[in-house]
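Undergrad: Here you go, this is protein.cif (mmCIF, C-alpha atoms).
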```cif
data_data
#
loop_
_atom_site.label_atom_id
_atom_site.label_comp_id
_atom_site.auth_asym_id
_atom_site.auth_seq_id
_atom_site.Cartn_x
_atom_site.Cartn_y
_atom_site.Cartn_z
CA MET A 1 114.60 -38.57 -155.11
CA ARG A 2 113.61 -41.97 -156.36
CA LEU A 3 109.91 -41.91 -155.43
CA ALA A 4 107.49 -39.04 -155.87
CA PRO A 5 106.05 -37.57 -152.67
CA VAL A 6 102.53 -38.49 -151.57
CA ASP A 7 101.11 -35.22 -150.32
CA ARG A 8 97.90 -36.40 -148.69
CA PRO A 9 98.46 -37.95 -145.24
CA PRO A 10 96.35 -41.14 -145.22
CA THR A 11 95.39 -41.35 -141.53
CA LEU A 12 94.43 -39.10 -138.64
CA LEU A 13 97.80 -39.73 -136.96
CA ALA A 14 99.54 -38.82 -140.22
CA ARG A 15 97.59 -35.56 -140.45
CA VAL A 16 98.41 -34.71 -136.83
CA MET A 17 102.10 -35.55 -137.28
CA SER A 18 102.24 -33.56 -140.54
CA PHE A 19 100.72 -30.57 -138.75
CA MET A 20 103.17 -30.89 -135.85
CA THR A 21 106.12 -31.20 -138.23
CA ARG A 22 105.06 -28.11 -140.17
CA ARG A 23 104.64 -26.19 -136.94
CA MET A 24 107.95 -27.33 -135.46
CA LEU A 25 110.15 -27.23 -138.57
CA GLY A 26 108.33 -24.88 -140.93
CA LYS A 27 107.37 -27.47 -143.52
CA GLU A 28 106.29 -31.06 -143.95
CA ILE A 29 109.40 -33.17 -144.26
CA THR A 30 110.14 -35.19 -147.38
CA PRO A 31 110.57 -38.56 -145.59
CA ALA A 32 107.01 -38.21 -144.29
CA ARG A 33 105.71 -37.57 -147.78
CA VAL A 34 107.78 -40.30 -149.46
CA ILE A 35 107.88 -43.04 -146.82
CA TYR A 36 105.27 -42.59 -144.09
CA ASN A 37 102.39 -41.58 -146.34
CA ARG A 38 102.98 -44.78 -148.36
CA MET A 39 103.35 -46.93 -145.26
CA PRO A 40 101.09 -45.34 -142.64
CA ARG A 41 102.18 -47.59 -139.75
CA MET A 42 105.59 -45.93 -139.99
CA TRP A 43 103.93 -42.91 -138.40
CA ASN A 44 103.60 -45.03 -135.23
CA VAL A 45 107.34 -45.78 -135.38
CA SER A 46 108.09 -42.11 -135.94
CA TRP A 47 105.84 -41.07 -133.05
CA ALA A 48 107.55 -43.58 -130.73
CA LEU A 49 111.01 -42.31 -131.73
CA VAL A 50 109.94 -38.67 -131.26
CA ASN A 51 108.69 -39.56 -127.77
CA LEU A 52 111.97 -41.32 -127.03
CA ASP A 53 113.88 -38.26 -128.20
CA LEU A 54 111.77 -35.91 -126.09
CA ARG A 55 111.49 -37.95 -122.90
CA GLY A 56 113.74 -41.01 -122.98
CA TYR A 57 117.29 -39.71 -122.75
CA THR A 58 119.37 -38.34 -119.92
CA LEU A 59 122.25 -37.42 -122.26
CA PRO A 60 122.43 -33.73 -123.24
CA GLU A 61 120.65 -32.93 -126.49
CA GLU A 62 123.74 -31.23 -127.90
CA LEU A 63 125.72 -34.47 -127.61
CA ARG A 64 122.91 -36.49 -129.20
CA LEU A 65 122.68 -34.00 -132.07
CA LEU A 66 126.46 -34.09 -132.57
CA LEU A 67 126.30 -37.87 -132.79
CA HIS A 68 123.35 -37.78 -135.18
CA VAL A 69 125.11 -35.33 -137.49
CA ARG A 70 128.40 -37.28 -137.43
CA ILE A 71 126.69 -40.60 -138.11
CA SER A 72 124.70 -38.97 -140.92
CA MET A 73 127.91 -37.56 -142.38
CA LEU A 74 129.44 -41.03 -142.39
CA ASN A 75 126.36 -42.51 -144.06
CA GLY A 76 125.86 -39.63 -146.51
CA CYS A 77 122.39 -38.67 -145.24
CA ALA A 78 122.01 -34.98 -146.09
CA PHE A 79 118.41 -34.92 -144.84
CA CYS A 80 119.40 -36.19 -141.38
CA GLN A 81 122.20 -33.63 -141.13
CA ASP A 82 119.78 -30.88 -142.15
CA ILE A 83 117.10 -31.78 -139.60
CA ALA A 84 119.62 -32.22 -136.75
CA LEU A 85 121.26 -28.86 -137.50
CA ALA A 86 117.82 -27.22 -137.64
CA ARG A 87 117.08 -28.73 -134.23
CA ALA A 88 120.39 -27.38 -132.91
CA VAL A 89 119.43 -23.88 -134.05
CA GLN A 90 115.99 -24.24 -132.45
CA GLN A 91 117.62 -25.31 -129.17
CA ARG A 92 120.07 -22.39 -129.41
CA VAL A 93 123.04 -24.72 -129.59
CA GLY A 94 125.88 -23.06 -131.44
CA LEU A 95 126.85 -24.62 -134.75
CA GLU A 96 130.61 -24.24 -134.30
CA LYS A 97 131.15 -27.83 -133.10
CA PHE A 98 128.94 -29.19 -135.86
CA ARG A 99 131.07 -27.41 -138.45
CA ALA A 100 134.19 -28.96 -136.89
CA LEU A 101 132.91 -32.54 -136.85
CA ASP A 102 135.19 -33.65 -139.68
CA ASP A 103 138.11 -32.86 -137.35
CA TRP A 104 136.60 -33.92 -134.00
CA ARG A 105 139.70 -35.89 -132.95
CA ALA A 106 142.01 -32.85 -133.12
CA SER A 107 139.68 -29.89 -132.64
CA PRO A 108 139.97 -28.17 -129.25
CA LEU A 109 136.20 -27.58 -129.37
CA PHE A 110 135.47 -31.15 -128.25
CA SER A 111 135.83 -32.49 -124.73
CA ASP A 112 137.32 -35.91 -123.97
CA ARG A 113 133.77 -37.07 -123.15
CA GLU A 114 132.49 -35.96 -126.56
CA ARG A 115 135.47 -37.56 -128.29
CA ALA A 116 134.80 -40.87 -126.53
CA ALA A 117 131.15 -40.78 -127.64
CA LEU A 118 132.06 -39.83 -131.22
CA ALA A 119 134.70 -42.57 -131.44
CA PHE A 120 132.18 -45.13 -130.19
CA ALA A 121 129.46 -44.01 -132.62
CA GLU A 122 131.86 -43.83 -135.54
CA GLU A 123 133.23 -47.33 -134.98
CA ALA A 124 129.78 -48.81 -134.37
CA THR A 125 128.47 -47.17 -137.55
CA GLN A 126 131.37 -48.15 -139.77
CA ARG A 127 132.18 -51.61 -138.38
CA ARG A 128 129.07 -52.58 -136.35
CA GLU A 129 131.37 -53.29 -133.42
CA VAL A 130 133.83 -51.33 -131.32
CA ALA A 131 137.34 -52.12 -130.13
CA ASP A 132 137.88 -52.87 -126.45
CA ALA A 133 140.05 -49.75 -126.15
CA THR A 134 137.24 -47.59 -127.54
CA PHE A 135 134.75 -49.10 -125.12
CA ASP A 136 137.16 -48.72 -122.18
CA GLU A 137 137.56 -45.02 -123.03
CA LEU A 138 133.78 -44.68 -123.23
CA ARG A 139 133.42 -46.22 -119.75
CA LYS A 140 135.74 -43.53 -118.32
CA HIS A 141 133.24 -40.83 -119.28
CA PHE A 142 129.80 -42.48 -119.24
CA GLY A 143 127.75 -44.64 -116.90
CA GLU A 144 126.04 -47.80 -118.06
CA ARG A 145 122.68 -46.12 -118.73
CA GLU A 146 124.43 -43.44 -120.78
CA ILE A 147 126.31 -46.08 -122.78
CA VAL A 148 123.00 -47.74 -123.60
CA GLU A 149 121.59 -44.33 -124.60
CA LEU A 150 124.60 -43.72 -126.88
CA THR A 151 124.06 -47.14 -128.45
CA VAL A 152 120.35 -46.46 -128.99
CA GLU A 153 121.10 -43.03 -130.48
CA ASN A 154 123.57 -44.66 -132.85
CA ALA A 155 121.01 -47.27 -133.91
CA VAL A 156 118.23 -44.70 -134.38
CA SER A 157 120.50 -42.42 -136.42
CA ASN A 158 121.55 -45.31 -138.64
CA PHE A 159 117.88 -46.37 -138.98
CA TYR A 160 116.87 -42.95 -140.26
CA ASN A 161 119.91 -42.80 -142.55
CA LEU A 162 119.01 -46.18 -144.04
CA LEU A 163 115.49 -44.96 -144.80
CA ASN A 164 116.58 -41.78 -146.55
CA VAL A 165 119.80 -42.57 -148.41
CA PRO A 166 118.57 -45.52 -150.54
CA LEU A 167 115.50 -43.50 -151.59
CA GLY A 168 117.60 -40.49 -152.54
CA ILE A 169 115.95 -38.19 -150.01
CA GLU A 170 118.07 -35.05 -149.77
CA GLU A 171 118.01 -32.10 -147.40
CA ASP A 172 114.79 -30.10 -147.05
CA GLY A 173 116.28 -26.69 -146.29
CA LEU A 174 115.31 -27.08 -142.62
CA LEU A 175 118.51 -25.47 -141.32
CA ALA A 176 117.87 -22.36 -143.43
CA LEU A 177 114.26 -22.22 -142.21
CA ALA A 178 115.39 -22.54 -138.58
CA GLU A 179 118.02 -19.82 -139.02
CA ARG A 180 115.44 -17.45 -140.55
CA ARG A 181 113.00 -18.14 -137.71
CA ALA A 182 115.74 -17.58 -135.12
CA ALA A 183 116.76 -14.29 -136.76
CA ARG A 184 113.14 -13.06 -136.70
CA ALA A 185 112.81 -14.01 -133.03
CA ASN A 186 115.86 -11.93 -132.06
#
```
Could you write out this file's structure as structure tokens?
TA:
Amino acid sequence: MRLAPVDRPPTLLARVMSFMTRRMLGKEITPARVIYNRMPRMWNVSWALVNLDLRGYTLPEELRLLLHVRISMLNGCAFCQDIALARAVQQRVGLEKFRALDDWRASPLFSDRERAALAFAEEATQRREVADATFDELRKHFGEREIVELTVENAVSNFYNLLNVPLGIEEDGLLALAERRAARAN
């Protein structure tokens, strides 16, 4: 990590968000301590994106998490992979597909719909544009609102990746915490 964490949240919103994060994930996340506590207005951005995630999408959460993990793999964001996998465990989404993401094109675990979304996100992430054939395939499986949601999810995932990777923010052990919590609940 390139910057030392700032452990004292500077605003009321930061304290509330830190509390909520600890309650939801089991610990205060490193990006909050490194980025948001240095730049408190980022908490407003984070809050808006959390609200979008909770209330703004019609796409299934599993698909959004698959996209977030794949995009984070492409960008080398270990923290983003960790938090998305922890969320998958919390939502009781099996991790089998996530473990097969390197081979999503050939793996029988993925539907044609998921493959179309992954191809779109991968091309948009790597090239910032997508081929007409990729977009045509996407249209076969998704309506216009869903295509916009996929595009927004791609942009948000890349946004978070671009915050964490340059600052050397690594995984927080959130997946392991989520798995321990899930095991205790069973």
Undergrad: Find the distance between atom CA of Glu123 of chain A and atom CA of Phe135 of chain A and write it in Å to one decimal.
TA: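 Computed distance, atom CA of Glu123 of chain A to atom CA of Phe135 of chain A, equals 10.1 Å.
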Undergrad: Can you tell me, as a PyMOL selection string, which residues sit within 12 Å of (122.1, -39.2, -139.2) in the file's frame, using all atoms listed in the file?
TA: chain A and resi 64-85+121-122+125+153-165+171
Undergrad: Excluding Met20 of chain A and any residue of its chain fewer than 6 positions from it, enumerate the residues within 12 Å of it, using all atoms listed in the file, and give them as a list in words.
TA: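 That gives Leu13, Ala14, Gly26, Lys27, Glu28, Ile29, Ala32, Trp47 and Val50 of chain A.
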Undergrad: List the residues matched by the PyMOL selection byres ((chain A and resi 168) around 6) in the displayed structure as a list in words, ordered by chain and then by residue number.
TA: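 This file, filtered by the PyMOL selection byres ((chain A and resi 168) around 6), leaves Met1, Arg2, Val165, Pro166, Leu167 and Ile169 of chain A.
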Undergrad: Contacts of segment 5-12 of chain A at 8 Å or less, counting all atoms listed in the file, minus same-chain residues fewer than 6 places along, as a compact mmCIF listing (two decimals) with C-alpha atoms, in the frame of the given file?
TA:
```txt
# COMPACT_ATOMS: atom_id res chain seq x y z
CA SER A 18 102.24 -33.56 -140.54
CA THR A 30 110.14 -35.19 -147.38
CA ARG A 33 105.71 -37.57 -147.78
CA VAL A 34 107.78 -40.30 -149.46
CA ASN A 37 102.39 -41.58 -146.34
CA ARG A 38 102.98 -44.78 -148.36
CA PRO A 40 101.09 -45.34 -142.64
```
Undergrad: Point out the residue among A:Ala178, A:Asn44, A:Ala116, A:Tyr57 with the least atom-to-atom distance to Gln91 of chain A, counting all atoms listed in the file.
TA: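 Of all the options, A:Ala178 lies closest to Gln91 of chain A.
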Undergrad: Might you pull out every residue within 12 Å of segment 104-107 of chain A, with only C-alpha atoms counted and same-chain residues fewer than 2 positions away left off, and present them as a list in words?
TA: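 Those residues are Leu66, Leu67, Arg70, Glu96, Lys97, Phe98, Arg99, Ala100, Leu101, Asp102, Leu109, Phe110, Ser111, Asp112, Arg113, Glu114, Arg115, Ala116, Ala117, Leu118, Ala119 and Glu122 of chain A.
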Undergrad: Record the distance separating atom CA of Ala88 of chain A and atom CA of Arg15 of chain A, expressed in Å with one decimal.
TA: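 Spanning atom CA of Ala88 of chain A to atom CA of Arg15 of chain A is a straight-line distance of 25.4 Å.
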Undergrad: Atom CA of Ala86 of chain A and atom CA of Leu25 of chain A are how many Å apart?
TA: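 These atoms are spaced 7.7 Å apart.
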Undergrad: Would you compute the box with edges along x, y and z of the file around segment 107-116 of chain A, including every atom the file lists for it and 6 Å extra on each side, and give its centre and edge lengths in Å to one decimal, as AutoDock Vina command-line options?
TA:
```
--center_x 136.2 --center_y -34.2 --center_z -127.9 --size_x 19.5 --size_y 25.3 --size_z 21.5
```
Undergrad: Given only C-alpha atoms as the basis, pick out the residue of A:Asp136, A:Leu150, A:Arg92, A:Gly143 nearest to Asn186 of chain A.
TA: A:Arg92
Undergrad: Pick from A:Arg22, A:Arg184, A:Leu49, A:Leu59: nearest to Glu144 of chain A, with all atoms listed in the file counted?
TA: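 Under the stated criterion, the closest residue is A:Leu59.
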Undergrad: Just checking: using only C-alpha atoms, which residue out of A:Glu179, A:Leu63, A:Gly56, A:Val130 ends up closest to Arg145 of chain A?
TA: A:Gly56
Undergrad: Let me make sure I understand: among A:Asn51, A:Arg41, A:Met24, A:Pro31, which one has the smallest atom-to-atom distance to Glu170 of chain A if we use all atoms listed in the file?
TA: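 Result for the nearest residue to Glu170 of chain A: A:Pro31.
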Undergrad: Hey, could you patch up segment 156-184 of chain A with N, CA and C atoms and hand it over as a PDB file, in the coordinates of the input?
TA:
```
ATOM      1  N   VAL A 156     119.311 -45.525-133.836  1.00  0.00           N
ATOM      2  CA  VAL A 156     118.230 -44.700-134.380  1.00  0.00           C
ATOM      3  C   VAL A 156     118.752 -43.835-135.527  1.00  0.00           C
ATOM      4  N   SER A 157     119.921 -43.247-135.354  1.00  0.00           N
ATOM      5  CA  SER A 157     120.500 -42.420-136.420  1.00  0.00           C
ATOM      6  C   SER A 157     120.741 -43.250-137.672  1.00  0.00           C
ATOM      7  N   ASN A 158     121.318 -44.435-137.498  1.00  0.00           N
ATOM      8  CA  ASN A 158     121.550 -45.310-138.640  1.00  0.00           C
ATOM      9  C   ASN A 158     120.228 -45.759-139.281  1.00  0.00           C
ATOM     10  N   PHE A 159     119.210 -46.008-138.472  1.00  0.00           N
ATOM     11  CA  PHE A 159     117.880 -46.370-138.980  1.00  0.00           C
ATOM     12  C   PHE A 159     117.348 -45.280-139.905  1.00  0.00           C
ATOM     13  N   TYR A 160     117.361 -44.042-139.428  1.00  0.00           N
ATOM     14  CA  TYR A 160     116.870 -42.950-140.260  1.00  0.00           C
ATOM     15  C   TYR A 160     117.715 -42.786-141.529  1.00  0.00           C
ATOM     16  N   ASN A 161     119.028 -42.907-141.384  1.00  0.00           N
ATOM     17  CA  ASN A 161     119.910 -42.800-142.550  1.00  0.00           C
ATOM     18  C   ASN A 161     119.573 -43.863-143.593  1.00  0.00           C
ATOM     19  N   LEU A 162     119.296 -45.082-143.117  1.00  0.00           N
ATOM     20  CA  LEU A 162     119.010 -46.180-144.040  1.00  0.00           C
ATOM     21  C   LEU A 162     117.619 -46.082-144.667  1.00  0.00           C
ATOM     22  N   LEU A 163     116.766 -45.255-144.132  1.00  0.00           N
ATOM     23  CA  LEU A 163     115.490 -44.960-144.800  1.00  0.00           C
ATOM     24  C   LEU A 163     115.697 -43.943-145.915  1.00  0.00           C
ATOM     25  N   ASN A 164     116.472 -42.915-145.636  1.00  0.00           N
ATOM     26  CA  ASN A 164     116.580 -41.780-146.550  1.00  0.00           C
ATOM     27  C   ASN A 164     117.574 -41.975-147.689  1.00  0.00           C
ATOM     28  N   VAL A 165     118.740 -42.492-147.394  1.00  0.00           N
ATOM     29  CA  VAL A 165     119.800 -42.570-148.410  1.00  0.00           C
ATOM     30  C   VAL A 165     119.399 -43.460-149.593  1.00  0.00           C
ATOM     31  N   PRO A 166     118.908 -44.686-149.378  1.00  0.00           N
ATOM     32  CA  PRO A 166     118.570 -45.520-150.540  1.00  0.00           C
ATOM     33  C   PRO A 166     117.458 -44.929-151.416  1.00  0.00           C
ATOM     34  N   LEU A 167     116.585 -44.109-150.825  1.00  0.00           N
ATOM     35  CA  LEU A 167     115.500 -43.500-151.590  1.00  0.00           C
ATOM     36  C   LEU A 167     115.882 -42.149-152.181  1.00  0.00           C
ATOM     37  N   GLY A 168     117.122 -41.742-151.958  1.00  0.00           N
ATOM     38  CA  GLY A 168     117.600 -40.490-152.540  1.00  0.00           C
ATOM     39  C   GLY A 168     116.956 -39.254-151.943  1.00  0.00           C
ATOM     40  N   ILE A 169     116.560 -39.335-150.677  1.00  0.00           N
ATOM     41  CA  ILE A 169     115.950 -38.190-150.010  1.00  0.00           C
ATOM     42  C   ILE A 169     117.054 -37.253-149.544  1.00  0.00           C
ATOM     43  N   GLU A 170     117.043 -36.048-150.067  1.00  0.00           N
ATOM     44  CA  GLU A 170     118.070 -35.050-149.770  1.00  0.00           C
ATOM     45  C   GLU A 170     117.576 -34.078-148.706  1.00  0.00           C
ATOM     46  N   GLU A 171     118.380 -33.089-148.410  1.00  0.00           N
ATOM     47  CA  GLU A 171     118.010 -32.100-147.400  1.00  0.00           C
ATOM     48  C   GLU A 171     116.761 -31.328-147.834  1.00  0.00           C
ATOM     49  N   ASP A 172     116.045 -30.823-146.832  1.00  0.00           N
ATOM     50  CA  ASP A 172     114.790 -30.100-147.050  1.00  0.00           C
ATOM     51  C   ASP A 172     114.921 -28.597-146.842  1.00  0.00           C
ATOM     52  N   GLY A 173     116.122 -28.109-146.578  1.00  0.00           N
ATOM     53  CA  GLY A 173     116.280 -26.690-146.290  1.00  0.00           C
ATOM     54  C   GLY A 173     115.817 -26.328-144.886  1.00  0.00           C
ATOM     55  N   LEU A 174     115.805 -27.308-143.992  1.00  0.00           N
ATOM     56  CA  LEU A 174     115.310 -27.080-142.620  1.00  0.00           C
ATOM     57  C   LEU A 174     116.243 -26.193-141.819  1.00  0.00           C
ATOM     58  N   LEU A 175     117.550 -26.330-142.024  1.00  0.00           N
ATOM     59  CA  LEU A 175     118.510 -25.470-141.320  1.00  0.00           C
ATOM     60  C   LEU A 175     118.271 -24.017-141.698  1.00  0.00           C
ATOM     61  N   ALA A 176     118.113 -23.741-142.978  1.00  0.00           N
ATOM     62  CA  ALA A 176     117.870 -22.360-143.430  1.00  0.00           C
ATOM     63  C   ALA A 176     116.573 -21.813-142.851  1.00  0.00           C
ATOM     64  N   LEU A 177     115.529 -22.647-142.814  1.00  0.00           N
ATOM     65  CA  LEU A 177     114.260 -22.220-142.210  1.00  0.00           C
ATOM     66  C   LEU A 177     114.442 -21.892-140.724  1.00  0.00           C
ATOM     67  N   ALA A 178     115.161 -22.753-140.009  1.00  0.00           N
ATOM     68  CA  ALA A 178     115.390 -22.540-138.580  1.00  0.00           C
ATOM     69  C   ALA A 178     116.206 -21.273-138.339  1.00  0.00           C
ATOM     70  N   GLU A 179     117.202 -21.026-139.174  1.00  0.00           N
ATOM     71  CA  GLU A 179     118.020 -19.820-139.020  1.00  0.00           C
ATOM     72  C   GLU A 179     117.186 -18.561-139.288  1.00  0.00           C
ATOM     73  N   ARG A 180     116.319 -18.613-140.276  1.00  0.00           N
ATOM     74  CA  ARG A 180     115.440 -17.450-140.550  1.00  0.00           C
ATOM     75  C   ARG A 180     114.481 -17.198-139.387  1.00  0.00           C
ATOM     76  N   ARG A 181     113.912 -18.272-138.865  1.00  0.00           N
ATOM     77  CA  ARG A 181     113.000 -18.140-137.710  1.00  0.00           C
ATOM     78  C   ARG A 181     113.731 -17.572-136.499  1.00  0.00           C
ATOM     79  N   ALA A 182     114.946 -18.046-136.263  1.00  0.00           N
ATOM     80  CA  ALA A 182     115.740 -17.580-135.120  1.00  0.00           C
ATOM     81  C   ALA A 182     116.088 -16.098-135.285  1.00  0.00           C
ATOM     82  N   ALA A 183     116.415 -15.695-136.502  1.00  0.00           N
ATOM     83  CA  ALA A 183     116.760 -14.290-136.760  1.00  0.00           C
ATOM     84  C   ALA A 183     115.551 -13.383-136.527  1.00  0.00           C
ATOM     85  N   ARG A 184     114.373 -13.848-136.933  1.00  0.00           N
ATOM     86  CA  ARG A 184     113.140 -13.060-136.700  1.00  0.00           C
ATOM     87  C   ARG A 184     112.794 -12.949-135.217  1.00  0.00           C
TER      88      ARG A 184
END
```
